[in-house]
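With mmCIF, C-alpha atoms inside, this is input20.cif:
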```
data_target
#
loop_
_atom_site.label_atom_id
_atom_site.label_comp_id
_atom_site.auth_asym_id
_atom_site.auth_seq_id
_atom_site.Cartn_x
_atom_site.Cartn_y
_atom_site.Cartn_z
CA MET S 1084 3.95 -44.15 -22.18
CA ILE S 1085 2.47 -41.19 -20.33
CA SER S 1086 1.84 -41.74 -16.65
CA TYR S 1087 0.03 -39.37 -14.29
CA ASN S 1088 -0.04 -39.26 -10.56
CA GLU S 1089 -3.76 -39.60 -9.92
CA VAL S 1090 -5.58 -36.48 -8.75
CA SER S 1091 -6.96 -37.39 -5.34
CA GLU S 1092 -8.38 -35.81 -2.22
CA LYS S 1093 -4.90 -36.01 -0.70
CA SER S 1094 -3.31 -34.16 -3.63
CA PHE S 1095 -6.07 -31.53 -3.44
CA GLN S 1096 -5.39 -30.99 0.27
CA GLY S 1097 -1.69 -30.62 -0.51
CA PHE S 1098 -2.55 -28.08 -3.19
CA ILE S 1099 -4.51 -25.99 -0.67
CA ILE S 1100 -1.55 -25.91 1.75
CA ILE S 1101 0.88 -24.91 -1.02
CA PHE S 1102 -1.70 -22.40 -2.25
CA ILE S 1103 -1.83 -20.69 1.15
CA THR S 1104 1.93 -20.54 1.71
CA GLN S 1105 2.51 -19.19 -1.79
CA PHE S 1106 0.21 -16.31 -0.94
CA ILE S 1107 2.10 -15.61 2.26
CA SER S 1108 5.22 -15.20 0.16
CA MET S 1109 3.30 -13.11 -2.34
CA ILE S 1110 2.17 -10.65 0.34
CA GLY S 1111 5.76 -9.67 1.04
CA SER S 1112 6.58 -9.43 -2.67
CA MET S 1113 3.55 -7.25 -3.45
CA ILE S 1114 4.27 -4.79 -0.65
CA VAL S 1115 7.85 -4.52 -1.82
CA SER S 1116 6.74 -4.06 -5.45
CA PHE S 1117 4.39 -1.25 -4.47
CA ALA S 1118 7.16 0.49 -2.54
CA VAL S 1119 9.67 0.12 -5.39
CA ILE S 1120 7.26 1.46 -8.03
CA TRP S 1121 6.45 4.51 -5.94
CA TYR S 1122 10.12 4.98 -5.04
CA LEU S 1123 11.08 5.06 -8.74
CA ALA S 1124 8.14 7.29 -9.73
CA GLU S 1125 8.80 9.77 -6.93
CA SER S 1126 12.59 9.86 -7.24
CA THR S 1127 12.79 10.03 -11.05
CA GLU S 1128 9.37 11.28 -12.25
CA SER S 1129 10.23 9.62 -15.55
CA SER S 1130 7.95 7.45 -17.69
CA LEU S 1131 11.05 6.07 -19.39
CA ILE S 1132 12.55 4.86 -16.10
CA LEU S 1133 9.28 3.15 -15.14
CA SER S 1134 9.21 1.49 -18.56
CA ILE S 1135 12.84 0.37 -18.21
CA ALA S 1136 12.04 -1.07 -14.78
CA SER S 1137 9.22 -3.12 -16.32
CA ILE S 1138 11.51 -4.24 -19.14
CA ALA S 1139 14.12 -5.34 -16.59
CA SER S 1140 11.53 -7.74 -15.14
CA ILE S 1141 9.99 -8.94 -18.40
CA VAL S 1142 12.97 -9.55 -20.71
CA PRO S 1143 14.59 -12.22 -18.47
CA MET S 1144 11.25 -14.05 -18.31
CA ILE S 1145 11.09 -14.10 -22.10
CA ILE S 1146 14.67 -15.33 -22.43
CA VAL S 1147 14.25 -18.29 -20.04
CA SER S 1148 10.73 -19.27 -21.15
CA PRO S 1149 11.82 -21.70 -23.93
CA PHE S 1150 13.79 -23.64 -21.28
CA SER S 1151 11.53 -23.15 -18.27
CA GLY S 1152 8.52 -24.75 -19.96
CA VAL S 1153 10.45 -27.95 -20.69
CA ILE S 1154 11.97 -27.93 -17.20
CA ALA S 1155 8.51 -27.46 -15.65
CA ASP S 1156 7.20 -30.52 -17.52
CA LYS S 1157 10.21 -32.79 -17.07
CA PHE S 1158 11.84 -32.02 -13.71
CA ASN S 1159 10.97 -31.90 -10.01
CA LYS S 1160 8.50 -29.07 -9.58
CA ASN S 1161 9.17 -28.70 -5.85
CA LEU S 1162 12.86 -28.15 -6.51
CA ILE S 1163 12.18 -25.58 -9.24
CA LEU S 1164 9.98 -23.50 -6.92
CA ILE S 1165 12.35 -23.75 -3.94
CA ILE S 1166 15.44 -22.72 -5.94
CA SER S 1167 13.58 -19.84 -7.59
CA ASP S 1168 12.22 -18.50 -4.29
CA ALA S 1169 15.59 -18.86 -2.56
CA THR S 1170 17.39 -17.01 -5.38
CA GLN S 1171 14.97 -14.09 -5.17
CA ALA S 1172 15.32 -13.90 -1.39
CA LEU S 1173 19.12 -13.95 -1.66
CA ALA S 1174 19.18 -11.24 -4.33
CA THR S 1175 16.90 -9.07 -2.21
CA PHE S 1176 19.16 -9.58 0.80
CA VAL S 1177 22.19 -8.43 -1.23
CA LEU S 1178 20.35 -5.25 -2.26
CA ILE S 1179 19.48 -4.57 1.39
CA ILE S 1180 23.19 -4.73 2.23
CA LEU S 1181 23.99 -2.31 -0.60
CA PHE S 1182 21.43 0.16 0.73
CA GLN S 1183 22.78 -0.28 4.23
CA LEU S 1184 26.27 0.59 2.97
CA ASN S 1185 24.86 3.64 1.10
CA VAL S 1186 26.23 2.39 -2.22
CA ALA S 1187 22.93 1.28 -3.81
CA GLU S 1188 22.16 2.89 -7.17
CA LEU S 1189 19.35 2.73 -9.69
CA TRP S 1190 21.02 -0.01 -11.72
CA HIS S 1191 21.22 -2.20 -8.62
CA ILE S 1192 17.43 -2.09 -8.35
CA LEU S 1193 17.12 -2.90 -12.06
CA VAL S 1194 19.45 -5.89 -11.64
CA LEU S 1195 17.31 -7.18 -8.77
CA LEU S 1196 14.20 -6.80 -10.93
CA GLY S 1197 16.00 -8.80 -13.62
CA ILE S 1198 16.84 -11.60 -11.20
CA ARG S 1199 13.27 -11.68 -9.92
CA GLY S 1200 12.02 -11.79 -13.50
CA THR S 1201 14.32 -14.72 -14.30
CA CYS S 1202 13.11 -16.66 -11.27
CA GLN S 1203 9.48 -15.93 -12.09
CA GLY S 1204 10.14 -17.17 -15.61
CA PHE S 1205 10.85 -20.59 -14.09
CA GLN S 1206 8.08 -20.38 -11.50
CA ASN S 1207 5.21 -19.37 -13.79
CA PRO S 1208 4.90 -22.58 -15.89
CA VAL S 1209 5.09 -24.68 -12.73
CA SER S 1210 2.49 -22.59 -10.89
CA VAL S 1211 0.03 -22.67 -13.78
CA SER S 1212 0.41 -26.42 -14.37
CA LEU S 1213 0.02 -27.12 -10.65
CA THR S 1214 -3.77 -26.72 -10.66
CA PRO S 1215 -4.76 -29.44 -13.17
CA LEU S 1216 -2.22 -31.83 -11.59
CA MET S 1217 -3.60 -31.55 -8.05
CA VAL S 1218 -7.19 -30.25 -8.44
CA PRO S 1219 -10.16 -32.28 -9.78
CA GLU S 1220 -11.32 -30.92 -13.14
CA LYS S 1221 -14.78 -29.98 -11.88
CA LYS S 1222 -13.17 -27.68 -9.28
CA ILE S 1223 -10.66 -25.92 -11.57
CA LYS S 1224 -12.85 -22.93 -12.48
CA LYS S 1225 -13.77 -22.33 -8.84
CA ILE S 1226 -10.12 -22.65 -7.76
CA ASN S 1227 -9.10 -20.13 -10.42
CA SER S 1228 -11.82 -17.78 -9.16
CA ILE S 1229 -10.66 -18.24 -5.56
CA ASN S 1230 -7.09 -17.68 -6.71
CA GLN S 1231 -8.17 -14.40 -8.29
CA ILE S 1232 -9.98 -13.39 -5.09
CA PHE S 1233 -6.93 -14.16 -2.95
CA ASN S 1234 -4.74 -12.21 -5.36
CA SER S 1235 -7.10 -9.27 -5.14
CA LEU S 1236 -7.24 -9.39 -1.34
CA ILE S 1237 -3.46 -9.31 -1.26
CA ASN S 1238 -3.43 -6.47 -3.75
CA ILE S 1239 -5.92 -4.58 -1.59
CA ALA S 1240 -3.85 -5.02 1.54
CA SER S 1241 -0.49 -4.44 -0.17
CA PRO S 1242 -1.05 -0.83 -1.34
CA ALA S 1243 -2.51 0.14 2.03
CA ILE S 1244 0.37 -1.46 3.91
CA GLY S 1245 2.78 -0.22 1.25
CA ALA S 1246 1.61 3.38 1.63
CA ILE S 1247 2.15 3.17 5.39
CA ALA S 1248 5.51 1.47 4.87
CA VAL S 1249 6.71 4.12 2.40
CA SER S 1250 5.80 6.84 4.88
CA SER S 1251 7.37 5.11 7.87
CA TYR S 1252 10.35 3.09 6.64
CA THR S 1253 13.23 3.30 4.20
CA ILE S 1254 13.18 1.24 1.01
CA GLN S 1255 15.87 -1.13 2.34
CA GLN S 1256 13.84 -1.83 5.47
CA ILE S 1257 10.79 -2.65 3.35
CA TYR S 1258 12.85 -5.14 1.33
CA TRP S 1259 13.17 -7.36 4.43
CA LEU S 1260 9.55 -8.44 3.98
CA ASP S 1261 10.49 -10.18 0.76
CA VAL S 1262 13.14 -12.19 2.58
CA PHE S 1263 11.12 -13.28 5.62
CA THR S 1264 7.93 -14.30 3.75
CA PHE S 1265 9.96 -16.75 1.66
CA ILE S 1266 10.62 -19.06 4.65
CA PRO S 1267 7.16 -20.71 5.14
CA THR S 1268 6.88 -21.38 1.41
CA ALA S 1269 10.20 -23.21 1.33
CA VAL S 1270 9.30 -25.34 4.37
CA ILE S 1271 6.00 -26.51 2.85
CA LEU S 1272 7.58 -27.29 -0.51
CA PHE S 1273 10.07 -29.54 1.26
CA LEU S 1274 7.21 -31.43 2.95
CA ILE S 1275 4.56 -31.76 0.18
CA ARG S 1276 5.42 -33.38 -3.14
CA ILE S 1277 3.86 -31.96 -6.30
CA PRO S 1278 2.66 -34.74 -8.66
CA SER S 1279 4.69 -35.27 -11.83
CA VAL S 1280 3.79 -35.99 -15.44
CA THR S 1281 6.29 -37.93 -17.53
CA ASN S 1282 6.35 -39.10 -21.15
CA HIS S 1283 9.94 -40.32 -21.47
CA GLU S 1284 11.83 -43.37 -20.33
CA LYS S 1285 14.11 -43.20 -17.30
CA GLY S 1286 17.59 -42.12 -18.31
CA GLU S 1287 16.42 -40.81 -21.68
CA LYS S 1288 18.23 -37.62 -22.69
CA ILE S 1289 15.94 -34.62 -22.97
CA SER S 1290 16.21 -32.42 -26.06
CA PHE S 1291 15.09 -28.90 -25.17
CA LYS S 1292 14.66 -28.07 -28.86
CA LYS S 1293 12.47 -31.12 -29.47
CA GLU S 1294 10.43 -30.70 -26.30
CA PHE S 1295 9.84 -26.99 -26.90
CA GLY S 1296 8.91 -27.82 -30.50
CA GLU S 1297 6.19 -30.16 -29.26
CA GLY S 1298 4.59 -27.28 -27.40
CA LEU S 1299 4.73 -25.06 -30.49
CA SER S 1300 3.25 -27.85 -32.63
CA TYR S 1301 0.29 -28.19 -30.28
CA ILE S 1302 -0.30 -24.43 -30.43
CA LYS S 1303 -0.32 -24.50 -34.23
CA GLU S 1304 -2.50 -27.59 -34.60
CA SER S 1305 -5.04 -26.68 -31.90
CA GLY S 1306 -5.87 -23.22 -33.23
CA LEU S 1307 -4.22 -21.37 -30.35
CA THR S 1308 -2.01 -19.32 -32.68
CA SER S 1309 -4.59 -16.60 -33.35
CA VAL S 1310 -5.41 -16.41 -29.61
CA PHE S 1311 -1.74 -15.89 -28.80
CA ILE S 1312 -1.40 -13.25 -31.53
CA MET S 1313 -4.32 -11.36 -30.02
CA PHE S 1314 -2.81 -11.27 -26.54
CA ALA S 1315 0.67 -10.53 -27.90
CA THR S 1316 -0.80 -7.52 -29.67
CA ALA S 1317 -2.60 -6.44 -26.50
CA ASN S 1318 0.68 -6.70 -24.58
CA PHE S 1319 2.37 -4.54 -27.19
CA ILE S 1320 -0.33 -1.86 -27.36
CA VAL S 1321 -2.29 -1.79 -24.08
CA VAL S 1322 -0.46 -3.55 -21.22
CA PRO S 1323 2.60 -1.23 -21.26
CA ILE S 1324 0.47 1.78 -20.32
CA PHE S 1325 -0.42 0.12 -17.00
CA SER S 1326 3.16 0.82 -15.94
CA LEU S 1327 2.38 4.52 -16.48
CA PHE S 1328 -0.54 4.59 -14.03
CA PRO S 1329 1.52 6.25 -11.27
CA LEU S 1330 2.29 9.14 -13.64
CA LEU S 1331 -1.37 9.53 -14.60
CA ILE S 1332 -2.16 9.86 -10.90
CA LEU S 1333 0.89 11.86 -9.87
CA GLY S 1334 1.17 14.13 -12.91
CA HIS S 1335 -2.22 14.65 -14.56
CA HIS S 1336 -4.41 14.42 -11.45
CA GLU S 1337 -1.76 15.83 -9.07
CA GLY S 1338 -2.42 12.93 -6.71
CA THR S 1339 -0.46 11.50 -3.79
CA VAL S 1340 0.60 8.07 -2.66
CA THR S 1341 -2.73 7.86 -0.82
CA ASN S 1342 -4.65 8.33 -4.08
CA TYR S 1343 -2.47 5.73 -5.73
CA SER S 1344 -3.14 3.24 -2.94
CA TRP S 1345 -6.91 3.85 -3.19
CA VAL S 1346 -6.77 3.24 -6.93
CA GLU S 1347 -5.03 -0.07 -6.30
CA VAL S 1348 -7.50 -1.04 -3.57
CA LEU S 1349 -10.63 -0.29 -5.63
CA PHE S 1350 -9.15 -1.99 -8.66
CA GLN S 1351 -8.72 -5.14 -6.57
CA VAL S 1352 -12.23 -4.81 -5.09
CA GLY S 1353 -13.45 -4.93 -8.67
CA MET S 1354 -11.32 -8.03 -9.29
CA ILE S 1355 -12.92 -9.71 -6.27
CA GLY S 1356 -16.41 -8.79 -7.47
CA GLY S 1357 -15.74 -10.21 -10.92
CA SER S 1358 -14.25 -13.40 -9.46
CA ILE S 1359 -17.23 -13.93 -7.15
CA LEU S 1360 -19.59 -13.55 -10.12
CA LEU S 1361 -17.64 -16.19 -12.02
CA MET S 1362 -17.35 -18.54 -9.03
CA SER S 1363 -21.09 -18.44 -8.39
CA SER S 1364 -21.93 -19.05 -12.05
CA ASN S 1365 -22.29 -22.52 -13.55
CA ARG S 1366 -21.87 -21.23 -17.08
CA LYS S 1367 -18.81 -22.43 -18.95
CA SER S 1368 -15.84 -20.22 -19.67
CA THR S 1369 -15.39 -19.59 -23.39
CA MET S 1370 -12.94 -17.76 -25.58
CA LYS S 1371 -15.85 -15.64 -26.82
CA SER S 1372 -16.39 -14.19 -23.36
CA VAL S 1373 -12.64 -13.62 -22.92
CA ILE S 1374 -12.40 -11.66 -26.17
CA THR S 1375 -15.53 -9.62 -25.43
CA SER S 1376 -14.13 -8.71 -22.04
CA GLY S 1377 -10.82 -7.74 -23.67
CA MET S 1378 -12.56 -5.30 -25.99
CA PHE S 1379 -14.51 -3.83 -23.08
CA LEU S 1380 -11.21 -3.35 -21.23
CA SER S 1381 -10.05 -0.97 -23.97
CA VAL S 1382 -13.30 0.99 -23.74
CA VAL S 1383 -12.91 1.36 -19.95
CA LEU S 1384 -9.32 2.61 -20.34
CA ILE S 1385 -10.48 5.32 -22.74
CA GLY S 1386 -13.19 6.31 -20.27
CA LEU S 1387 -10.58 6.39 -17.49
CA ALA S 1388 -8.47 8.84 -19.50
CA LEU S 1389 -11.47 11.13 -20.02
CA VAL S 1390 -12.19 11.50 -16.29
CA PRO S 1391 -11.88 15.23 -15.45
CA GLN S 1392 -8.72 16.21 -13.60
CA GLY S 1393 -9.02 15.65 -9.87
CA THR S 1394 -12.45 13.98 -10.06
CA TRP S 1395 -11.33 11.12 -7.87
CA TRP S 1396 -14.71 9.51 -7.18
CA LEU S 1397 -15.25 8.92 -10.91
CA PHE S 1398 -11.66 7.80 -11.39
CA TYR S 1399 -12.06 5.28 -8.57
CA ILE S 1400 -15.31 3.87 -10.06
CA ALA S 1401 -13.62 3.44 -13.44
CA CYS S 1402 -10.75 1.56 -11.78
CA ALA S 1403 -13.20 -0.77 -10.01
CA ILE S 1404 -14.93 -1.53 -13.34
CA LEU S 1405 -11.52 -2.16 -14.86
CA GLY S 1406 -10.86 -4.70 -12.10
CA ILE S 1407 -14.14 -6.54 -12.70
CA ASP S 1408 -13.35 -6.83 -16.39
CA LEU S 1409 -9.81 -8.08 -15.84
CA ALA S 1410 -11.13 -10.79 -13.49
CA PHE S 1411 -13.38 -12.00 -16.30
CA ILE S 1412 -10.45 -12.07 -18.72
CA ASP S 1413 -7.87 -13.76 -16.48
CA THR S 1414 -10.04 -16.38 -14.78
CA GLN S 1415 -11.92 -17.50 -17.88
CA LEU S 1416 -8.82 -17.61 -20.08
CA MET S 1417 -6.89 -19.70 -17.56
CA SER S 1418 -9.83 -22.08 -17.03
CA VAL S 1419 -10.26 -22.67 -20.77
CA LEU S 1420 -6.54 -23.32 -21.29
CA GLN S 1421 -5.99 -25.52 -18.22
CA VAL S 1422 -8.84 -27.87 -19.11
CA THR S 1423 -8.16 -27.95 -22.87
CA ILE S 1424 -4.35 -28.30 -23.05
CA PRO S 1425 -3.00 -31.84 -22.32
CA LYS S 1426 -1.40 -32.02 -18.87
CA GLU S 1427 1.94 -33.31 -20.16
CA LEU S 1428 2.27 -30.28 -22.45
CA GLN S 1429 1.06 -27.52 -20.15
CA GLY S 1430 4.47 -26.34 -18.96
CA ARG S 1431 5.74 -25.98 -22.54
CA VAL S 1432 2.53 -24.51 -23.96
CA PHE S 1433 2.21 -21.94 -21.17
CA ALA S 1434 5.90 -21.07 -21.52
CA SER S 1435 5.43 -20.70 -25.29
CA MET S 1436 2.37 -18.58 -24.66
CA PHE S 1437 4.34 -16.37 -22.32
CA THR S 1438 7.16 -16.01 -24.86
CA ILE S 1439 4.80 -15.15 -27.71
CA ILE S 1440 2.59 -12.83 -25.70
CA LYS S 1441 5.34 -11.03 -23.79
CA SER S 1442 7.92 -10.78 -26.58
CA LEU S 1443 6.48 -7.51 -27.87
CA ASN S 1444 5.93 -6.05 -24.40
CA PRO S 1445 9.44 -4.56 -23.99
CA VAL S 1446 9.15 -2.85 -27.38
CA GLY S 1447 5.80 -1.41 -26.36
CA LEU S 1448 7.22 -0.26 -23.02
CA ILE S 1449 10.08 1.56 -24.75
CA ILE S 1450 7.81 3.17 -27.33
CA TRP S 1451 5.22 4.38 -24.83
CA GLY S 1452 7.94 5.37 -22.37
CA ILE S 1453 9.58 7.60 -25.01
CA ILE S 1454 6.24 8.96 -26.20
CA GLY S 1455 5.35 9.71 -22.59
CA GLU S 1456 8.35 12.03 -22.32
CA PHE S 1457 6.89 14.30 -25.02
CA THR S 1458 3.15 13.58 -24.98
CA PRO S 1459 0.51 14.23 -22.31
CA ILE S 1460 -0.06 11.02 -20.38
CA VAL S 1461 -3.83 11.29 -20.99
CA ALA S 1462 -3.30 11.08 -24.75
CA ILE S 1463 -1.47 7.77 -24.35
CA PHE S 1464 -4.37 6.33 -22.33
CA ILE S 1465 -6.71 7.18 -25.23
CA ILE S 1466 -4.61 6.27 -28.27
CA SER S 1467 -3.37 2.90 -26.98
CA PRO S 1468 -6.75 1.23 -26.23
CA ALA S 1469 -8.30 2.78 -29.37
CA ILE S 1470 -5.68 0.97 -31.50
CA SER S 1471 -6.35 -2.21 -29.52
CA ILE S 1472 -10.08 -2.15 -30.37
CA ILE S 1473 -9.25 -1.97 -34.08
CA VAL S 1474 -6.89 -4.95 -33.77
CA TYR S 1475 -9.56 -6.99 -31.96
CA PHE S 1476 -12.05 -6.43 -34.78
CA ILE S 1477 -9.47 -7.46 -37.40
CA LEU S 1478 -8.58 -10.67 -35.56
CA ILE S 1479 -12.23 -11.59 -34.97
CA LYS S 1480 -13.03 -11.12 -38.65
CA PHE S 1481 -10.06 -12.99 -40.14
CA THR S 1482 -9.28 -15.77 -37.60
CA THR S 1483 -11.11 -18.63 -35.86
CA MET S 1484 -9.98 -17.74 -32.35
CA MET S 1485 -13.57 -17.21 -31.15
CA GLN S 1486 -14.17 -20.98 -31.43
CA TYR S 1487 -11.12 -22.17 -29.45
CA GLY S 1488 -11.97 -24.29 -26.41
CA GLU S 1489 -15.59 -24.95 -27.39
CA SER S 1490 -15.05 -28.73 -27.52
CA TYR S 1491 -14.03 -29.08 -23.87
CA GLY S 1492 -17.11 -27.17 -22.76
CA ASN S 1493 -19.43 -29.35 -24.83
CA GLU S 1494 -17.81 -32.54 -23.53
CA SER S 1495 -18.09 -31.38 -19.92
CA ILE S 1496 -21.72 -30.48 -20.44
CA ALA S 1497 -22.40 -33.84 -22.04
CA GLU S 1498 -20.90 -35.65 -19.06
CA GLU S 1499 -22.94 -33.61 -16.62
CA SER S 1500 -26.08 -34.10 -18.72
CA SER S 1501 -25.88 -37.86 -18.32
CA GLU S 1502 -26.14 -37.35 -14.57
CA SER S 1503 -29.10 -35.00 -14.42
CA PRO S 1504 -31.98 -33.86 -16.71
CA ALA S 1505 -31.80 -30.47 -15.04
CA VAL S 1506 -28.19 -30.09 -16.09
CA GLU S 1507 -29.14 -31.15 -19.61
CA ALA S 1508 -31.66 -28.32 -19.77
CA GLU S 1509 -29.04 -25.94 -18.49
CA ALA S 1510 -26.66 -27.12 -21.24
CA ASP S 1511 -29.09 -25.89 -23.88
CA LEU S 1512 -29.03 -22.46 -22.30
CA LEU S 1513 -25.24 -22.48 -22.18
CA THR S 1514 -25.07 -23.05 -25.93
CA ASP S 1515 -26.51 -19.58 -26.48
CA TYR S 1516 -24.29 -18.00 -23.89
CA GLN S 1517 -22.01 -15.31 -25.37
CA THR S 1518 -20.38 -13.50 -22.52
CA GLU S 1519 -20.09 -13.53 -18.75
CA LEU S 1520 -19.87 -9.78 -18.81
CA GLU S 1521 -23.40 -9.33 -20.11
CA ALA S 1522 -24.72 -11.66 -17.43
CA SER S 1523 -23.06 -9.58 -14.72
#
```
Would you write out, as structure tokens, the structure that this file holds?
Amino acid sequence: MISYNEVSEKSFQGFIIIFITQFISMIGSMIVSFAVIWYLAESTESSLILSIASIASIVPMIIVSPFSGVIADKFNKNLILIISDATQALATFVLIILFQLNVAELWHILVLLGIRGTCQGFQNPVSVSLTPLMVPEKKIKKINSINQIFNSLINIASPAIGAIAVSSYTIQQIYWLDVFTFIPTAVILFLIRIPSVTNHEKGEKISFKKEFGEGLSYIKESGLTSVFIMFATANFIVVPIFSLFPLLILGHHEGTVTNYSWVEVLFQVGMIGGSILLMSSNRKSTMKSVITSGMFLSVVLIGLALVPQGTWWLFYIACAILGIDLAFIDTQLMSVLQVTIPKELQGRVFASMFTIIKSLNPVGLIIWGIIGEFTPIVAIFIISPAISIIVYFILIKFTTMMQYGESYGNESIAEESSESPAVEAEADLLTDYQTELEAS
């Protein structure tokens, strides 16, 4: 017997408080991440080192995902988040001590990234499943859009603050931010209980293999497999080159940390713009619009690579467009999945999704990192998205992924239609809707 804690106004208010404190913690983490990326790029000037740093964060997430999804569905979500945050803060504190003693080395930073990746592997399924458990369904798309806007605002502030911090403080001093911003998050998680979803009797022994298998079965039966293959391929071919952005700026365009911070800021401004467009639109999120936006992303990356050396105004515009497009991809994909996937399976399905999608990422990072040692960085930013476009066309032609999630949209429209003739008329227009990007 599956029992839910009812989504109520009280649970929604609790969600907002948790939402805010999580972003306070994220501010510290993002500033630290910016500083670490620039520290590694400036001190090593190696695409391989940047790729290894990304691998150090990603591989632990992949390893724990089969367990973290089950844990997210079956155990106390507050406790999972508190332990994960506390572990990251403690690991960061240890690294600060190592820097203070002048014994910190590159591998110490990589170990910290690995610990953070492990903790995030447990946090991610909980964070994603939090929204449908505490937010009314009609507000989920808007909450995801607001979430994207908040993320972008943080990412705008973080590079600017990070650039100042890098110029004014040592890396170990910057790490303190990650420790202090953890405190308010922990306090709130002790005070506000996250609703639970259970489908097993009290005292029943949980089989991780069985529970994880249920998530995989849903993916196979629902038609999500082809969608996951598409994003796994994108993570293998395209996503790894994002870790090489500092080298494109530093090496090819002979930029500085200021240029890098402006790129990050304008990218996030684009994310905010895209999120506002989605939040103000009543049109449903569909997999068709997600896929179209994904293909456009590859086109923008090729255009970014073709920007003449040192032409910063054009480079900045391309980064802003890239941000708009990514907002369309992330917000719409998450909205479709959160409303379509059963609540009691979301932790496992999202963990499975992460495992499938991210499993090829380390291989891609190594390949592009090695290629980057012998190939102009601009060539990588052209070849990678060009391959991605070909893969998209193949998947569209030979799979049914374009139709995934259509049923939830039609049901929602039907419900709204019964309330208002005006909404019913709007539903007819939505049937012909192909992509949010064209509307923007």
### Task
Could you tell me which residues the PyMOL selection byres ((chain S and resi 1347) around 12) grabs in this file, written as a PyMOL selection string?
chain S and resi 1113-1114+1117+1235-1246+1325+1328-1329+1332+1340-1346+1348-1354+1398-1403+1405-1406
Atom pair CA of Ala1469 (chain S) + CA of Ile1385 (chain S), distance 7.4 Å
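Nearest to Val1310 (chain S) of all the residues S:Leu1162, S:Ile1374, S:Ile1223, S:Met1417 is S:Ile1374, counting all atoms listed in the file.
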Expressed in Å, the length from CA of Asp1261 (chain S) to CA of Ser1112 (chain S) is 5.3 Å
(request) Using only C-alpha atoms, collect all residues at a distance of at most 9 Å from (7.2, -16.3, -15.8) as written in the file, then present them as a PyMOL selection string. (result) chain S and resi 1141+1143-1145+1147-1148+1151+1200-1208+1434+1437
Output the selection as a short mmCIF file (atom, residue, chain, number, x, y, z; two decimals), keeping the file's coordinate frame - C-alpha atoms for each residue.
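Output file again-v7.cif is given in full below:
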```cif
data_model
loop_
_atom_site.label_atom_id
_atom_site.label_comp_id
_atom_site.auth_asym_id
_atom_site.auth_seq_id
_atom_site.Cartn_x
_atom_site.Cartn_y
_atom_site.Cartn_z
CA ILE S 1141 9.99 -8.94 -18.40
CA PRO S 1143 14.59 -12.22 -18.47
CA MET S 1144 11.25 -14.05 -18.31
CA ILE S 1145 11.09 -14.10 -22.10
CA VAL S 1147 14.25 -18.29 -20.04
CA SER S 1148 10.73 -19.27 -21.15
CA SER S 1151 11.53 -23.15 -18.27
CA GLY S 1200 12.02 -11.79 -13.50
CA THR S 1201 14.32 -14.72 -14.30
CA CYS S 1202 13.11 -16.66 -11.27
CA GLN S 1203 9.48 -15.93 -12.09
CA GLY S 1204 10.14 -17.17 -15.61
CA PHE S 1205 10.85 -20.59 -14.09
CA GLN S 1206 8.08 -20.38 -11.50
CA ASN S 1207 5.21 -19.37 -13.79
CA PRO S 1208 4.90 -22.58 -15.89
CA ALA S 1434 5.90 -21.07 -21.52
CA PHE S 1437 4.34 -16.37 -22.32
#
```
Nearest to Glu1297 (chain S), restricted to only C-alpha atoms and choosing among S:Ile1477, S:Leu1327, S:Val1432, S:Val1461, comes out as S:Val1432
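The residues returned by the PyMOL selection byres ((chain S and resi 1419) around 8) for this structure are Ser1368, Thr1369, Met1370, Gln1415, Leu1416, Met1417, Ser1418, Leu1420, Gln1421, Val1422, Thr1423 and Gly1488 of chain S.
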Next, dump the selected residues to file, keeping only C-alpha atoms, as a PDB file, in the frame of the given file.
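Here's the written file selection.pdb:
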```pdb
ATOM      1  CA  SER S1368     -15.840 -20.220 -19.670  1.00  0.00           C
ATOM      2  CA  THR S1369     -15.390 -19.590 -23.390  1.00  0.00           C
ATOM      3  CA  MET S1370     -12.940 -17.760 -25.580  1.00  0.00           C
ATOM      4  CA  GLN S1415     -11.920 -17.500 -17.880  1.00  0.00           C
ATOM      5  CA  LEU S1416      -8.820 -17.610 -20.080  1.00  0.00           C
ATOM      6  CA  MET S1417      -6.890 -19.700 -17.560  1.00  0.00           C
ATOM      7  CA  SER S1418      -9.830 -22.080 -17.030  1.00  0.00           C
ATOM      8  CA  LEU S1420      -6.540 -23.320 -21.290  1.00  0.00           C
ATOM      9  CA  GLN S1421      -5.990 -25.520 -18.220  1.00  0.00           C
ATOM     10  CA  VAL S1422      -8.840 -27.870 -19.110  1.00  0.00           C
ATOM     11  CA  THR S1423      -8.160 -27.950 -22.870  1.00  0.00           C
ATOM     12  CA  GLY S1488     -11.970 -24.290 -26.410  1.00  0.00           C
TER      13      GLY S1488
END
```
Using only C-alpha atoms, the shortest atom-to-atom distance to Ala1172 (chain S) among S:Ile1266, S:Leu1193, S:Ile1412, S:Val1218 belongs to S:Ile1266
Could you spell out the hits of the PyMOL selection byres ((chain S and resi 1154) around 10) on the shown file, as a PyMOL selection string? chain S and resi 1148-1153+1155-1160+1163+1205+1208-1209+1289+1291+1294-1295+1430-1431
Which of S:Val1322, S:Leu1428, S:Leu1387, S:Ile1404 sits closest to Gly1357 (chain S) [using only C-alpha atoms]: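 The closest residue to Gly1357 (chain S) is S:Ile1404.
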Taken to one decimal, the CA of Gln1255 (chain S)-CA of Thr1175 (chain S) distance is 9.2 Å
